[in-house]
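Below you'll find the structure, written out as structure tokens, and then a few comments.
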Amino acid sequence: MIFLSRSLIFLLSWSCNVIIAQNITFVSSAYDHTLNNWILYDSNEVEIGELNSSGIPHDVFNTWNIRLGENSGFIKRRWKENLDLYDLQFSTSRLNFAPIWPGHFDQWKLNDNQQFYDFTLQLNTNGLFGSVKNSKNELVFELSNIYSLDPRDWVVNYSKNEDLNSLVLVASFILIHYHQYFIR
């Protein structure tokens, strides 16, 4: 019985890591008229997940539901009165993110209890552009819209030597989305 439960725990943790480690390369709005439903694609343009607003009217926690493969989770504001603290819970993984400076939403610190990441937002001629660096100040990935000033389709450009937890990318995308439509 103990052997069976250890094997089951190993299998569950392995399958969760495989799904989370799958690289998201494109993020596209599911519908042209709303930015509340997103589809996550891999480099072969195969759908690997979804990111959806909870759909609850006047959701003060700004809750988003995540699905990657067979696993799911959510992102939400920690307190309804505070735009500065967010939590992402996915299967057995957790990611916290907050602005580096309170009330300034262009630089964020992300923490997955193993590593810290810095997320920076910039405005360029094509729209918003995001970049993530690891704790060694090395570029991990960049996130930008595919078509100039069109917020419906996004591309992810990874650095060559970094294996990224996909949850960091999902959190970064939500931060761009919030900044573009709710905070500015």
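Ordered as shown in the structure tokens, chains take letters A, B, and onward, while each chain numbers its residues from 1 and ligands are numbered from 1 in the order shown.
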Quiz item: Excluding same-chain residues fewer than 3 positions from Ala98 in chain A, what lies within 12 Å of it counting only C-alpha atoms, as a VMD selection string?
Solution: chain A and resid 76 to 78 82 to 88 95 101 to 111 116 to 120 171 to 172 175
Output N, CA, C and O atoms for every residue in that selection, as a compact mmCIF listing (two decimals), in the first residue's frame.
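The resulting file, selection.txt, is shown below:
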```txt
# COMPACT_ATOMS: atom_id res chain seq x y z
N LYS A 76 -5.76 35.49 -8.56
CA LYS A 76 -6.67 36.48 -8.00
C LYS A 76 -5.90 37.47 -7.13
O LYS A 76 -4.82 37.19 -6.65
N ARG A 77 -6.52 38.62 -6.99
CA ARG A 77 -5.99 39.65 -6.10
C ARG A 77 -6.12 39.12 -4.68
O ARG A 77 -7.12 38.51 -4.31
N ARG A 78 -5.08 39.34 -3.86
CA ARG A 78 -5.11 38.81 -2.49
C ARG A 78 -6.16 39.50 -1.64
O ARG A 78 -6.86 38.86 -0.87
N ASN A 82 -6.65 46.15 -2.48
CA ASN A 82 -5.24 46.35 -2.76
C ASN A 82 -4.88 45.81 -4.14
O ASN A 82 -4.93 44.60 -4.38
N LEU A 83 -4.51 46.70 -5.08
CA LEU A 83 -4.10 46.29 -6.42
C LEU A 83 -2.67 45.74 -6.44
O LEU A 83 -2.19 45.34 -7.48
N ASP A 84 -2.00 45.74 -5.31
CA ASP A 84 -0.57 45.44 -5.29
C ASP A 84 -0.20 43.98 -5.05
O ASP A 84 0.94 43.62 -5.27
N LEU A 85 -1.09 43.15 -4.60
CA LEU A 85 -0.71 41.77 -4.26
C LEU A 85 -1.63 40.77 -4.95
O LEU A 85 -2.85 40.83 -4.81
N TYR A 86 -1.00 39.83 -5.69
CA TYR A 86 -1.74 38.80 -6.41
C TYR A 86 -1.16 37.43 -6.09
O TYR A 86 0.03 37.29 -5.81
N ASP A 87 -2.01 36.42 -6.17
CA ASP A 87 -1.60 35.04 -5.97
C ASP A 87 -2.05 34.22 -7.17
O ASP A 87 -3.15 34.40 -7.69
N LEU A 88 -1.18 33.31 -7.59
CA LEU A 88 -1.51 32.35 -8.61
C LEU A 88 -1.36 30.97 -7.98
O LEU A 88 -0.30 30.65 -7.46
N LEU A 95 2.46 30.96 -6.95
CA LEU A 95 3.29 32.07 -7.38
C LEU A 95 2.67 33.34 -6.82
O LEU A 95 1.46 33.54 -6.92
N TRP A 101 7.62 48.74 -6.37
CA TRP A 101 7.27 49.95 -5.62
C TRP A 101 5.76 50.03 -5.52
O TRP A 101 5.07 49.99 -6.53
N PRO A 102 5.20 50.15 -4.33
CA PRO A 102 3.73 50.22 -4.17
C PRO A 102 3.12 51.33 -5.03
O PRO A 102 3.63 52.45 -5.07
N GLY A 103 2.06 51.00 -5.74
CA GLY A 103 1.36 51.97 -6.56
C GLY A 103 1.98 52.20 -7.93
O GLY A 103 1.42 52.93 -8.74
N HIS A 104 3.12 51.60 -8.24
CA HIS A 104 3.77 51.71 -9.55
C HIS A 104 3.69 50.35 -10.21
O HIS A 104 4.26 49.37 -9.72
N PHE A 105 2.99 50.27 -11.34
CA PHE A 105 2.65 48.98 -11.91
C PHE A 105 3.45 48.63 -13.16
O PHE A 105 3.01 47.82 -13.97
N ASP A 106 4.64 49.20 -13.32
CA ASP A 106 5.46 48.87 -14.48
C ASP A 106 6.63 47.94 -14.14
O ASP A 106 7.29 47.43 -15.04
N GLN A 107 6.87 47.68 -12.86
CA GLN A 107 7.91 46.74 -12.45
C GLN A 107 7.36 45.86 -11.32
O GLN A 107 6.88 46.38 -10.32
N TRP A 108 7.47 44.54 -11.51
CA TRP A 108 6.89 43.59 -10.57
C TRP A 108 7.93 42.56 -10.15
O TRP A 108 8.81 42.19 -10.93
N LYS A 109 7.78 42.06 -8.95
CA LYS A 109 8.60 40.96 -8.43
C LYS A 109 7.69 39.74 -8.35
O LYS A 109 6.63 39.79 -7.75
N LEU A 110 8.11 38.63 -8.98
CA LEU A 110 7.36 37.37 -8.96
C LEU A 110 8.18 36.36 -8.17
O LEU A 110 9.39 36.28 -8.33
N ASN A 111 7.50 35.57 -7.34
CA ASN A 111 8.18 34.62 -6.46
C ASN A 111 7.42 33.30 -6.48
O ASN A 111 6.25 33.26 -6.14
N PHE A 116 13.14 34.05 -7.66
CA PHE A 116 12.52 35.35 -7.88
C PHE A 116 12.70 35.75 -9.34
O PHE A 116 13.72 35.44 -9.95
N TYR A 117 11.70 36.43 -9.87
CA TYR A 117 11.76 36.97 -11.23
C TYR A 117 11.37 38.44 -11.16
O TYR A 117 10.54 38.83 -10.35
N ASP A 118 11.95 39.24 -12.05
CA ASP A 118 11.57 40.64 -12.20
C ASP A 118 10.87 40.81 -13.53
O ASP A 118 11.39 40.40 -14.58
N PHE A 119 9.68 41.39 -13.50
CA PHE A 119 8.90 41.65 -14.70
C PHE A 119 8.84 43.15 -14.92
O PHE A 119 8.48 43.90 -14.00
N THR A 120 9.18 43.59 -16.13
CA THR A 120 9.17 45.01 -16.46
C THR A 120 8.28 45.26 -17.67
O THR A 120 8.36 44.54 -18.67
N ALA A 171 1.37 34.69 -15.35
CA ALA A 171 1.27 35.85 -14.45
C ALA A 171 1.70 37.12 -15.18
O ALA A 171 1.06 38.16 -15.06
N SER A 172 2.76 37.04 -15.97
CA SER A 172 3.24 38.21 -16.72
C SER A 172 2.21 38.67 -17.73
O SER A 172 2.00 39.87 -17.90
N LEU A 175 -0.45 40.57 -15.96
CA LEU A 175 0.03 41.91 -15.59
C LEU A 175 -0.02 42.87 -16.77
O LEU A 175 -0.41 44.02 -16.63
```
Quiz prompt | For His177 in chain A: contacts at 10 Å, only C-alpha atoms, fewer than 6 positions along chain excluded, given as a PyMOL selection string | solution = chain A and resi 35-36+128+151+171+183
Write out, as a tab-separated table (two decimals), in the first residue's frame, the residues just selected, with N, CA and C atoms.
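Saved the output as result_0.tsv:
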```tsv
chain	number	residue	atom	x	y	z
A	35	LEU	N	-11.66	40.60	-24.40
A	35	LEU	CA	-10.33	40.17	-23.99
A	35	LEU	C	-10.40	39.45	-22.64
A	36	ASN	N	-11.47	38.70	-22.43
A	36	ASN	CA	-11.65	37.97	-21.17
A	36	ASN	C	-11.39	36.47	-21.30
A	128	LEU	N	2.37	47.59	-25.72
A	128	LEU	CA	3.08	47.18	-24.51
A	128	LEU	C	4.04	46.03	-24.81
A	151	PRO	N	-4.13	44.25	-29.27
A	151	PRO	CA	-3.93	43.49	-28.03
A	151	PRO	C	-4.46	42.05	-28.06
A	171	ALA	N	1.37	34.69	-15.35
A	171	ALA	CA	1.27	35.85	-14.45
A	171	ALA	C	1.70	37.12	-15.18
A	183	ILE	N	-5.41	49.68	-15.31
A	183	ILE	CA	-4.62	50.52	-14.42
A	183	ILE	C	-4.26	51.85	-15.03
```
Self-check item: Separation of CA of Ile176 in chain A from CA of Asn52 in chain A, in Å and rounded to one decimal
Solution: 14.8 Å
Quiz item: Counting only C-alpha atoms, what is within 7 Å of Phe141 in chain A, bar same-chain residues fewer than 6 positions away, as a PyMOL selection string?
Solution: chain A and resi 131-132+156-159
Could you write out that same residue set with C-alpha atoms as a compact mmCIF listing (two decimals), in the first residue's frame?
```
# COMPACT_ATOMS: atom_id res chain seq x y z
CA SER A 131 10.34 41.26 -20.21
CA VAL A 132 11.20 38.86 -17.40
CA VAL A 156 6.72 34.93 -26.43
CA ASN A 157 10.43 35.03 -27.24
CA TYR A 158 12.44 32.89 -24.83
CA SER A 159 16.12 33.28 -24.10
```
Quiz item: Counting only C-alpha atoms, which of A:Val155, A:Ser29, A:Leu139, A:Asn124 gets nearest to Ser43 in chain A?
Solution: A:Val155
Quiz item: Near Asp42 in chain A, counting only C-alpha atoms, which residues have an atom at most 12 Å away, once you skip same-chain residues fewer than 2 positions from it, shown as a ChimeraX atom specification?
Solution: /A:19-28,39-40,44-50,68-69,155-157,166
Quiz item: Residues of range 25-84 of chain A in strand (DSSP E or B) according to DSSP, as a PyMOL selection string?
Solution: chain A and resi 26-29+37-41+47-53+64-68+71-79+82-84
